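Listing of query-v8.txt, compact mmCIF, C-alpha atoms and all ligand atoms
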```
# COMPACT_ATOMS: atom_id res chain seq x y z
CA MET A 1 45.08 -25.27 -65.30
CA SER A 2 48.21 -23.20 -65.18
CA GLU A 3 48.46 -23.68 -61.41
CA ALA A 4 46.13 -25.23 -58.90
CA SER A 5 45.65 -21.81 -57.33
CA GLU A 6 44.66 -19.79 -60.33
CA VAL A 7 43.08 -19.54 -63.75
CA LEU A 8 44.97 -17.67 -66.45
CA ILE A 9 43.11 -15.97 -69.30
CA LEU A 10 44.72 -14.20 -72.24
CA HIS A 11 42.62 -11.42 -73.75
CA THR A 12 43.27 -9.65 -77.02
CA SER A 13 41.22 -8.03 -79.77
CA ASP A 14 41.22 -6.27 -83.12
CA LEU A 15 43.62 -8.60 -84.92
CA HIS A 16 41.99 -7.55 -88.22
CA LEU A 17 43.04 -10.72 -89.98
CA GLY A 18 42.93 -10.33 -93.73
CA ALA A 19 43.35 -6.57 -93.69
CA ASP A 20 45.13 -5.14 -96.66
CA SER A 21 48.07 -3.20 -95.38
CA ILE A 22 48.23 0.27 -96.86
CA LEU A 23 51.48 1.08 -95.08
CA THR A 24 53.68 -1.80 -96.14
CA ASP A 25 53.84 -4.50 -98.76
CA ASP A 26 53.00 -7.08 -96.07
CA VAL A 27 50.60 -9.60 -97.58
CA SER A 28 50.44 -11.93 -94.56
CA GLY A 29 46.99 -10.65 -93.58
CA ASN A 30 48.18 -10.40 -89.96
CA VAL A 31 48.23 -14.18 -89.51
CA PRO A 32 51.66 -14.02 -87.83
CA VAL A 33 50.09 -11.84 -85.12
CA LEU A 34 47.50 -14.53 -84.41
CA GLN A 35 50.23 -17.16 -84.33
CA GLN A 36 52.26 -15.04 -81.94
CA VAL A 37 49.27 -14.56 -79.61
CA LEU A 38 48.54 -18.28 -79.52
CA SER A 39 52.18 -19.17 -79.04
CA THR A 40 52.37 -16.72 -76.13
CA ALA A 41 49.25 -18.31 -74.66
CA ARG A 42 50.86 -21.75 -74.80
CA ASP A 43 54.13 -20.45 -73.34
CA GLN A 44 52.23 -18.88 -70.46
CA GLN A 45 50.17 -22.05 -70.02
CA ALA A 46 46.99 -20.04 -70.35
CA ASP A 47 43.72 -21.84 -69.79
CA LEU A 48 41.77 -19.81 -72.32
CA VAL A 49 42.15 -17.11 -74.97
CA ILE A 50 39.50 -14.43 -75.53
CA LEU A 51 39.34 -12.59 -78.87
CA ALA A 52 37.14 -9.55 -78.16
CA GLY A 53 35.99 -8.64 -81.64
CA ASP A 54 37.27 -7.68 -85.09
CA THR A 55 39.36 -10.82 -85.26
CA PHE A 56 38.76 -10.62 -89.01
CA ASP A 57 38.97 -7.31 -90.82
CA HIS A 58 35.87 -8.05 -92.89
CA ASN A 59 33.41 -10.79 -93.77
CA ARG A 60 34.63 -11.30 -97.32
CA GLN A 61 37.39 -13.71 -96.27
CA GLY A 62 37.28 -17.03 -97.99
CA GLY A 63 39.19 -19.77 -99.72
CA THR A 64 42.66 -20.67 -98.62
CA PHE A 65 43.05 -17.67 -96.31
CA LEU A 66 40.04 -18.68 -94.22
CA GLU A 67 41.25 -22.29 -94.21
CA GLU A 68 44.67 -21.18 -93.02
CA VAL A 69 43.32 -19.05 -90.19
CA SER A 70 40.77 -21.62 -89.01
CA GLY A 71 43.52 -24.23 -89.07
CA VAL A 72 45.77 -22.09 -86.89
CA MET A 73 42.94 -21.66 -84.38
CA ALA A 74 41.93 -25.33 -84.43
CA ASP A 75 45.55 -26.31 -83.79
CA ALA A 76 45.97 -23.81 -80.94
CA GLY A 77 45.92 -26.51 -78.29
CA LEU A 78 43.70 -24.48 -75.96
CA PRO A 79 40.19 -23.07 -75.94
CA ILE A 80 39.50 -19.84 -77.85
CA VAL A 81 36.38 -17.74 -77.27
CA ILE A 82 35.55 -15.36 -80.12
CA LEU A 83 33.13 -12.43 -79.95
CA PRO A 84 32.11 -11.22 -83.44
CA GLY A 85 32.73 -7.47 -83.71
CA ASN A 86 31.59 -4.68 -86.00
CA HIS A 87 34.09 -5.71 -88.70
CA ASP A 88 33.20 -9.41 -88.56
CA PRO A 89 29.56 -9.55 -87.43
CA LEU A 90 27.36 -12.63 -87.51
CA THR A 91 25.61 -11.70 -90.74
CA PRO A 92 24.14 -14.46 -92.93
CA ASP A 93 27.38 -14.45 -94.95
CA SER A 94 29.62 -14.10 -91.87
CA VAL A 95 33.12 -15.47 -92.02
CA TYR A 96 32.28 -17.55 -88.94
CA ARG A 97 29.46 -19.39 -90.70
CA ARG A 98 31.92 -20.47 -93.38
CA ALA A 99 34.96 -21.26 -91.24
CA GLU A 100 35.83 -24.90 -90.51
CA PHE A 101 37.30 -25.10 -87.03
CA GLY A 102 37.82 -28.86 -87.15
CA ASP A 103 37.00 -31.60 -84.70
CA ALA A 104 38.98 -30.33 -81.72
CA GLY A 105 36.01 -28.26 -80.59
CA ASN A 106 38.29 -25.67 -79.03
CA VAL A 107 36.97 -22.66 -80.96
CA HIS A 108 33.81 -21.11 -79.50
CA VAL A 109 32.04 -18.33 -81.38
CA LEU A 110 29.61 -16.49 -79.11
CA GLY A 111 26.15 -16.37 -80.64
CA LEU A 112 26.97 -19.06 -83.20
CA THR A 113 28.53 -22.22 -81.81
CA THR A 114 27.49 -21.36 -78.27
CA GLU A 115 25.50 -18.75 -76.38
CA ARG A 116 27.95 -18.88 -73.50
CA GLY A 117 31.44 -20.26 -73.34
CA ASP A 118 31.13 -22.81 -70.57
CA PHE A 119 34.26 -24.22 -68.94
CA PRO A 120 33.21 -26.34 -65.95
CA GLU A 121 36.76 -27.56 -65.35
CA LEU A 122 37.70 -23.93 -64.66
CA ASP A 123 34.38 -23.17 -62.92
CA LEU A 124 34.15 -20.32 -65.42
CA GLU A 125 31.85 -18.99 -68.12
CA VAL A 126 32.29 -16.28 -70.76
CA TRP A 127 29.35 -14.44 -72.24
CA GLY A 128 28.96 -11.55 -74.64
CA ARG A 129 26.60 -10.04 -77.18
CA PRO A 130 27.95 -10.51 -80.69
CA HIS A 131 27.54 -7.91 -83.40
CA VAL A 132 25.05 -9.45 -85.83
CA ASP A 133 24.97 -6.66 -88.42
CA TYR A 134 26.55 -3.27 -89.04
CA LEU A 135 23.97 -1.29 -87.06
CA ASP A 136 24.24 0.20 -83.60
CA MET A 137 23.43 -1.88 -80.55
CA MET A 138 24.22 -2.06 -76.84
CA PRO A 139 27.37 -4.18 -76.60
CA LEU A 140 27.06 -4.90 -72.87
CA PRO A 141 23.44 -5.69 -71.96
CA GLU A 142 22.08 -7.33 -68.80
CA PRO A 143 24.16 -10.37 -67.91
CA PRO A 144 22.81 -13.91 -67.90
CA GLU A 145 22.38 -15.56 -64.54
CA ARG A 146 25.73 -16.61 -63.16
CA ARG A 147 26.23 -20.38 -63.13
CA THR A 148 29.90 -20.61 -62.21
CA ARG A 149 32.44 -19.28 -59.73
CA TRP A 150 33.89 -16.98 -62.38
CA GLN A 151 31.88 -15.06 -64.91
CA LEU A 152 33.63 -13.01 -67.58
CA ALA A 153 31.95 -10.63 -70.02
CA VAL A 154 33.18 -9.71 -73.49
CA ALA A 155 32.03 -6.57 -75.29
CA HIS A 156 33.06 -4.77 -78.46
CA GLY A 157 32.40 -1.03 -78.58
CA HIS A 158 33.28 2.45 -77.31
CA TYR A 159 33.48 3.14 -73.60
CA VAL A 160 32.19 6.64 -72.77
CA GLU A 161 32.63 8.46 -69.46
CA ALA A 162 29.79 10.89 -70.08
CA GLU A 163 26.82 11.05 -72.38
CA PRO A 164 27.90 12.36 -75.77
CA GLU A 165 26.74 15.95 -76.32
CA SER A 166 26.22 15.51 -80.01
CA THR A 167 24.91 12.74 -82.19
CA VAL A 168 28.37 12.18 -83.60
CA LEU A 169 28.85 9.04 -81.53
CA LEU A 170 25.49 7.53 -82.39
CA GLY A 171 26.00 4.22 -84.07
CA SER A 172 29.18 3.70 -82.14
CA TRP A 173 28.18 0.83 -79.85
CA LEU A 174 28.50 2.72 -76.61
CA ILE A 175 29.46 1.12 -73.32
CA ARG A 176 28.83 3.03 -70.10
CA GLN A 177 29.83 2.69 -66.46
CA GLU A 178 26.32 1.48 -65.59
CA ASN A 179 26.76 -1.39 -68.05
CA LEU A 180 30.00 -2.40 -66.36
CA THR A 181 28.36 -2.20 -62.93
CA THR A 182 25.29 -4.18 -64.00
CA SER A 183 27.45 -6.89 -65.56
CA GLY A 184 28.76 -7.88 -62.14
CA ALA A 185 31.56 -9.59 -64.05
CA ASP A 186 34.84 -10.67 -62.56
CA TYR A 187 36.44 -9.15 -65.66
CA VAL A 188 35.11 -7.35 -68.72
CA ALA A 189 37.19 -8.02 -71.84
CA LEU A 190 36.76 -5.05 -74.16
CA GLY A 191 37.57 -4.65 -77.83
CA HIS A 192 37.35 -1.93 -80.52
CA TRP A 193 40.19 0.31 -79.36
CA ASN A 194 43.76 -0.15 -80.52
CA ARG A 195 45.32 0.84 -77.20
CA ALA A 196 45.48 -1.15 -73.98
CA VAL A 197 43.75 0.72 -71.16
CA GLN A 198 41.60 0.17 -68.11
CA VAL A 199 38.24 1.96 -68.07
CA GLY A 200 35.47 2.58 -65.55
CA ASP A 201 35.51 3.06 -61.80
CA ARG A 202 37.59 -0.07 -61.17
CA GLN A 203 34.92 -1.71 -59.03
CA ILE A 204 34.52 -4.03 -62.01
CA PRO A 205 37.84 -4.76 -63.75
CA ALA A 206 37.21 -3.61 -67.34
CA TYR A 207 40.08 -3.44 -69.79
CA TYR A 208 40.73 -2.89 -73.45
CA SER A 209 43.55 -5.15 -74.57
CA GLY A 210 44.27 -3.02 -77.61
CA SER A 211 45.31 -4.54 -80.88
CA PRO A 212 48.55 -6.49 -80.41
CA SER A 213 49.84 -4.91 -83.62
CA TYR A 214 49.65 -1.46 -82.00
CA ALA A 215 49.87 -2.17 -78.27
CA GLY A 216 52.55 -4.84 -78.59
CA THR A 217 50.91 -6.66 -75.69
CA VAL A 218 48.02 -8.88 -74.70
CA ASN A 219 46.20 -8.79 -71.37
CA ALA A 220 46.87 -11.56 -68.88
CA ILE A 221 44.12 -12.05 -66.31
CA ARG A 222 44.87 -14.17 -63.28
CA LEU A 223 41.87 -15.34 -61.29
CA HIS A 224 43.05 -16.35 -57.84
CA ASN A 225 41.26 -18.71 -55.53
CA ASP A 226 41.00 -16.00 -52.89
CA GLY A 227 38.96 -13.89 -55.34
CA ARG A 228 41.67 -11.52 -56.48
CA VAL A 229 41.71 -10.65 -60.17
CA VAL A 230 45.15 -9.50 -61.28
CA VAL A 231 45.58 -7.99 -64.74
CA THR A 232 48.91 -7.41 -66.45
CA GLN A 233 50.05 -6.70 -69.98
CA ILE A 234 52.51 -9.14 -71.47
CA PRO A 235 54.45 -8.55 -74.67
CA VAL A 236 53.79 -10.54 -77.81
MN MN A 301 35.66 -2.56 -83.92
```
When written as structure tokens, how does the structure in this file appear?
Amino acid sequence: MSEASEVLILHTSDLHLGADSILTDDVSGNVPVLQQVLSTARDQQADLVILAGDTFDHNRQGGTFLEEVSGVMADAGLPIVILPGNHDPLTPDSVYRRAEFGDAGNVHVLGLTTERGDFPELDLEVWGRPHVDYLDMMPLPEPPERRTRWQLAVAHGHYVEAEPESTVLLGSWLIRQENLTTSGADYVALGHWNRAVQVGDRQIPAYYSGSPSYAGTVNAIRLHNDGRVVVTQIPV
């Protein structure tokens, strides 16, 4: 643990590893962004990193690129919880079914390697509904029964304040206030938006981290023994 008195989680999303850049001649596939996030997590002595969807830009990754990325994650030196998003869903040919995360056992893919990220040493669990195809679904359903002091939810979709008036948003993986409330989570780690922003009525701390490439930050969540949950953005 970072300190006896607290648990520190780093939350980010939408790394879009393997994306072809149309703006520059960058051919790195965003791997340096992942490395920067993980290096920040180590510097901050984080206990856990959450990647809240669209870690990969698409499911056609393979070969040496996939080996490189899985190696970076396996060598992270701390646990990583991954929620598959709408760009990298758990389809039969999903990138996650082909990735080799090594023997360290530090990479947890929700819905694949585990149903719930379980960290008894932190008295903490992380749950979330993965995208399993490209169709619409409810990203933040009823929570599983809480088994630990801390329960965090991860969801990848669009938060909406009010019901959409048209059908334009159908198929957009909507998340509503009632979903946040029902989750009862100590923190809801959201992905799908590029900007870092808090949403909802603040009774349940629910935050988009934004993509580090756009936001320039990741979310740091400090879970204090007295029950306080303190969220800040730290630069990467
Ligand atoms: Mn997305």
Exercise. Using all atoms listed in the file, which of A:Val229, A:Ala155, A:Val31, A:Ala74 sits nearest ligand MN 301 (chain A)?
Worked result: A:Ala155
For this session: Check the smallest atom-to-atom distance from each of A:Ala41, A:Ala52, A:Ala162, A:Leu15 to Ser211 (chain A) using all atoms listed in the file, then report the winner.
Result: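 Nearest candidate to Ser211 (chain A) out of A:Ala41, A:Ala52, A:Ala162, A:Leu15: A:Leu15.
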Problem set entry | region 192-194 of chain A environment, 8 Å, only C-alpha atoms, sequence neighbours closer than 6 positions dropped, as number ranges by chain | A: 13-14, 52-54, 85, 156-158, 208-212, 214-215
For this session: Find the residues near region 107-111 of chain A: any atom within 8 Å, counting all atoms listed in the file, skip ones fewer than 2 places away on the same chain, and give them as a list in words.
Result: Met73, Ala74, Pro79, Ile80, Val81, Ile82, Leu83, Pro84, Leu90, Tyr96, Phe101, Ala104, Gly105, Thr113, Thr114, Glu115, Arg116, Gly117, Trp127, Gly128, Arg129 and Pro130 of chain A
Problem set entry | Selection near Asn59 (chain A), 12 Å with only C-alpha atoms, sequence-local residues under 2 positions removed, as a PyMOL selection string | chain A and resi 16-19+54-57+61-62+66+84-99+132-134
Fewer than 3 positions away in the same chain doesn't count, so skip those; otherwise give me all residues within 12 Å of Gln36 (chain A), counting only C-alpha atoms, as a compact mmCIF listing (two decimals) with C-alpha atoms, keeping the file's coordinate frame.
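Printed below is selection.txt as written:
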```txt
# COMPACT_ATOMS: atom_id res chain seq x y z
CA THR A 12 43.27 -9.65 -77.02
CA LEU A 15 43.62 -8.60 -84.92
CA ASN A 30 48.18 -10.40 -89.96
CA VAL A 31 48.23 -14.18 -89.51
CA PRO A 32 51.66 -14.02 -87.83
CA VAL A 33 50.09 -11.84 -85.12
CA SER A 39 52.18 -19.17 -79.04
CA THR A 40 52.37 -16.72 -76.13
CA ALA A 41 49.25 -18.31 -74.66
CA ARG A 42 50.86 -21.75 -74.80
CA ASP A 43 54.13 -20.45 -73.34
CA VAL A 72 45.77 -22.09 -86.89
CA MET A 73 42.94 -21.66 -84.38
CA ALA A 76 45.97 -23.81 -80.94
CA PRO A 212 48.55 -6.49 -80.41
CA SER A 213 49.84 -4.91 -83.62
CA GLY A 216 52.55 -4.84 -78.59
CA THR A 217 50.91 -6.66 -75.69
CA VAL A 218 48.02 -8.88 -74.70
CA PRO A 235 54.45 -8.55 -74.67
CA VAL A 236 53.79 -10.54 -77.81
```
Around region 62-80 of chain A, fit a box with edges along x, y and z, padding it by 5 Å on each side, then list its centre and edge lengths in Å to one decimal as lines of an AutoDock Vina configuration file.
```
center_x = 41.6
center_y = -21.8
center_z = -87.8
size_x = 18.7
size_y = 19.5
size_z = 33.8
```
For this session: Quick one: everything within 8 Å of Met138 (chain A), counting all atoms listed in the file, minus sequence neighbours fewer than 3 positions away in the same chain. Send it as a PyMOL selection string.
Result: chain A and resi 141+173-175
Problem set entry | Top pick for closest residue to Glu142 (chain A), considering A:Glu178, A:Asp118, A:Asp123, A:Asp201 and counting all atoms listed in the file |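 Checking each of A:Glu178, A:Asp118, A:Asp123, A:Asp201 against Glu142 (chain A), counting all atoms listed in the file, the winner is A:Glu178.
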Exercise. What separation in Å, quoted to one decimal, exists between CA of Val49 (chain A) and CA of Val160 (chain A)?
Worked result: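 It comes out at 25.8 Å.
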Exercise. Please, what distance in Å, to one decimal, runs between CA of Leu140 (chain A) and CA of Arg176 (chain A)?
Worked result: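 Interatomic distance here is 8.6 Å.
The interatomic distance for the pair CA of Leu48 (chain A) and CA of Thr181 (chain A) works out to 24.0 Å.
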Problem set entry | Of the listed residues A:Asp226, A:Asp136, A:Glu161, A:Asp75, that which approaches ligand MN 301 (chain A) most closely, counting only C-alpha atoms and all ligand atoms |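 Ranking A:Asp226, A:Asp136, A:Glu161, A:Asp75 by distance to ligand MN 301 (chain A), first place goes to A:Asp136.
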Exercise. In file coordinates, which residues lie within 10 Å of (27.3, -4.9, -63.9) using all atoms listed in the file, given as a PyMOL selection string?
Worked result: chain A and resi 140-143+153+177-186+188+203-204
For this session: Tell me which of A:Tyr159, A:Arg149, A:Val230, A:Glu67 sits closest to Gly200 (chain A), counting all atoms listed in the file.
Result: A:Tyr159
